[in-house]
Amino acid sequence: MFVLDHIDDEKLDSLLSRNEFFWLDLAAPSAQDISRLGSRFGWHPLAVEDLVSFGQRPKMDRYGDYMLLVFYGAGREPDGAAKLIEVHVMVSGSYIVAIRHTGCSEIDDLRRRISAKPDASEQYIVYSVLDTLTDTFFPVLSSIDDEIDELEENIVVRPTDEQLQRLFRLKRVLVTLRRVVTPQRDLAARTMDEIRDLPGLDPDSRDYYRDVYDHLIRISDLIDSYRDLLTGAMDVYLSTVSNRLNVIMKRLTIVATIFLPITALTGFFGQNFGFLVRHIQPVWAFWVFGIGGILLCTVVLLVWFRRSGFFDRTGP
């Protein structure tokens, strides 16, 4: 069993002539390289076309004694954003060819481990590639879980627009993950066993692929639960913002209510009635009826507000 990370024509011809199983792992090959491989291995033109075209849904197409499998993993961009890793895998009883456009450190580590185990069986290598891609979702989902917990704590303390944007971004990430995980899970449930039926592979490999299916079920359940958590966090955000708005409106209502009698009082004494003009002239009358009336209204309202519980702290 051999592991290759580039196209070595001489080595490939030697392995094919000896009918020795090998794994060819290619990162970002050109369309010409894939076309050359198609001619060397005798792949169907539709299979070659699918190998070149990325952005497909998870699927499994069988062509006689080999099959094309479109499978996804997950990773992180340099800025920490989640990304999907699309891998096209051509599987037969004599080889496995994996083609991807983006880097995947987990696959690179697996390739080094497999290289150190020349006695690894064919079905184990096929399983390891699919299982490694499947398990790449768990660290991404774990980081999303931590971010949701952090958001929930911060929202309760002080909600901001930036937190709302993060909630929407996480929701879009989960929708993107769910768009590939759900069909991938269904694919594993229906047709994954077809791999073990390929000529040259051990038919006793059912347990391997059942493990991949179990992991996909867990990932699908985690995505659904995190979507529910995001919905709950968004409800908490809206409730907290609404509570803060209620507190602000209550404070403004207190201010407006205090100024209402003051405005009425000053408006009343501002009338140019003859009695008021003739009789309220000394300085003490101004302080008693003018300023005193305003202060009396303010004190009475403040006492009433306090006894009624309007000054209780009900929000941040």
# chains A, B, ... in the order shown; residues from 1 in each chain; ligands from 1

$ select_by_dssp --residues "segment 26-234 of chain A" --states "strand (DSSP E)" --output "ChimeraX atom specification"
/A:26-27,59-63,66-76,82-92,95-100

$ closest_atom_pairs --of "segment 203-240 of chain A" --to "segment 63-78 of chain A" --cutoff "12 Å" --atoms "only C-alpha atoms" --output "CSV"
residue,atom,partner,partner_atom,distance
A:Val212,CA,A:Phe71,CA,11.7
A:Leu216,CA,A:Gly73,CA,10.9
A:Ile219,CA,A:Gly73,CA,11.3

$ residues_around --residues "segment 31-44 of chain A" --least-positions-apart "6" --cutoff "12 Å" --atoms "only C-alpha atoms" --output "ChimeraX atom specification"
/A:6-10,12-13,15-17,24,50-54,61-68,88,90-92,94-101

$ write_last_selection --atoms "C-alpha atoms" --output "PDB file, in the first residue's frame"
ATOM      1  CA  HIS A   6       1.436  14.294  -6.307  1.00  0.00           C
ATOM      2  CA  ILE A   7       1.122  12.712  -9.732  1.00  0.00           C
ATOM      3  CA  ASP A   8       4.112  10.444 -10.377  1.00  0.00           C
ATOM      4  CA  ASP A   9       3.484   8.783 -13.735  1.00  0.00           C
ATOM      5  CA  GLU A  10       6.175   6.171 -13.340  1.00  0.00           C
ATOM      6  CA  LEU A  12       1.402   5.084 -10.830  1.00  0.00           C
ATOM      7  CA  ASP A  13       2.164   2.809 -13.775  1.00  0.00           C
ATOM      8  CA  LEU A  15       1.401   0.339  -8.898  1.00  0.00           C
ATOM      9  CA  LEU A  16      -1.283  -0.307 -11.478  1.00  0.00           C
ATOM     10  CA  SER A  17       0.752  -3.029 -13.174  1.00  0.00           C
ATOM     11  CA  LEU A  24      -3.366   9.540  -4.308  1.00  0.00           C
ATOM     12  CA  ASP A  50     -17.609  16.035 -11.836  1.00  0.00           C
ATOM     13  CA  LEU A  51     -14.063  15.817 -10.500  1.00  0.00           C
ATOM     14  CA  VAL A  52     -13.247  19.170 -12.094  1.00  0.00           C
ATOM     15  CA  SER A  53     -16.497  20.936 -11.099  1.00  0.00           C
ATOM     16  CA  PHE A  54     -16.628  21.979  -7.457  1.00  0.00           C
ATOM     17  CA  ASP A  61     -22.155   7.919  -8.384  1.00  0.00           C
ATOM     18  CA  ARG A  62     -21.107   4.400  -9.311  1.00  0.00           C
ATOM     19  CA  TYR A  63     -19.446   3.602 -12.621  1.00  0.00           C
ATOM     20  CA  GLY A  64     -18.986  -0.157 -12.833  1.00  0.00           C
ATOM     21  CA  ASP A  65     -16.108  -1.195 -10.571  1.00  0.00           C
ATOM     22  CA  TYR A  66     -15.376   2.314  -9.257  1.00  0.00           C
ATOM     23  CA  MET A  67     -17.410   5.187  -7.849  1.00  0.00           C
ATOM     24  CA  LEU A  68     -17.227   8.924  -7.396  1.00  0.00           C
ATOM     25  CA  HIS A  88     -14.001  14.548  -4.560  1.00  0.00           C
ATOM     26  CA  MET A  90     -12.696   8.297  -6.623  1.00  0.00           C
ATOM     27  CA  VAL A  91     -12.771   4.843  -5.021  1.00  0.00           C
ATOM     28  CA  SER A  92     -12.097   1.437  -6.503  1.00  0.00           C
ATOM     29  CA  SER A  94      -7.222  -0.780  -6.544  1.00  0.00           C
ATOM     30  CA  TYR A  95      -6.936   2.848  -5.475  1.00  0.00           C
ATOM     31  CA  ILE A  96      -8.475   5.891  -3.852  1.00  0.00           C
ATOM     32  CA  VAL A  97      -7.936   9.301  -5.439  1.00  0.00           C
ATOM     33  CA  ALA A  98      -8.887  12.347  -3.339  1.00  0.00           C
ATOM     34  CA  ILE A  99      -9.051  15.792  -4.971  1.00  0.00           C
ATOM     35  CA  ARG A 100      -9.602  19.063  -3.108  1.00  0.00           C
ATOM     36  CA  HIS A 101      -9.060  22.747  -3.823  1.00  0.00           C
TER      37      HIS A 101
END

$ atom_distance --atom1 "atom CA of Ser30 of chain A" --atom2 "atom CA of Gly103 of chain A"
15.0 Å

$ closest_residue --among "A:Trp287, A:Lys117, A:Gly93, A:Ile254" --to "Ser308 of chain A" --atoms "only C-alpha atoms"
A:Ile254

$ atom_distance --atom1 "atom CA of Ser121 of chain A" --atom2 "atom CA of Asp108 of chain A"
18.7 Å

$ closest_residue --among "A:Leu252, A:Val247, A:Leu110, A:Leu222" --to "Pro139 of chain A" --atoms "only C-alpha atoms"
A:Leu222

$ closest_residue --among "A:Phe2, A:Tyr226, A:Phe137, A:Tyr127" --to "Asp211 of chain A" --atoms "only C-alpha atoms"
A:Tyr127

$ select_by_dssp --residues "segment 32-162 of chain A" --states "alpha helix (DSSP H)" --output "VMD selection string"
chain A and resid 32 to 41 45 to 52 105 to 115 122 to 135 137 to 157 161 to 162

$ atom_distance --atom1 "atom CA of Asp221 of chain A" --atom2 "atom CA of Glu147 of chain A"
18.0 Å

$ residues_around --residues "Lys171 of chain A" --least-positions-apart "6" --cutoff "12 Å" --atoms "only C-alpha atoms" --output "list in words"
Ala82, Ile144, Asp145, Glu147, Ile148, Leu164, Gln165, Leu177, Arg178, Ile223, Asp224, Ser225, Tyr226, Arg227, Asp228, Leu229, Leu230, Thr231, Gly232, Ala233 and Met234 of chain A

$ residues_around --residues "Gln163 of chain A" --least-positions-apart "3" --cutoff "12 Å" --atoms "only C-alpha atoms" --output "JSON, numbers by chain"
{"A": [147, 148, 150, 151, 152, 153, 154, 155, 156, 157, 158, 159, 160, 166, 167, 168, 169, 170, 230, 233, 234, 236, 237, 238, 241]}
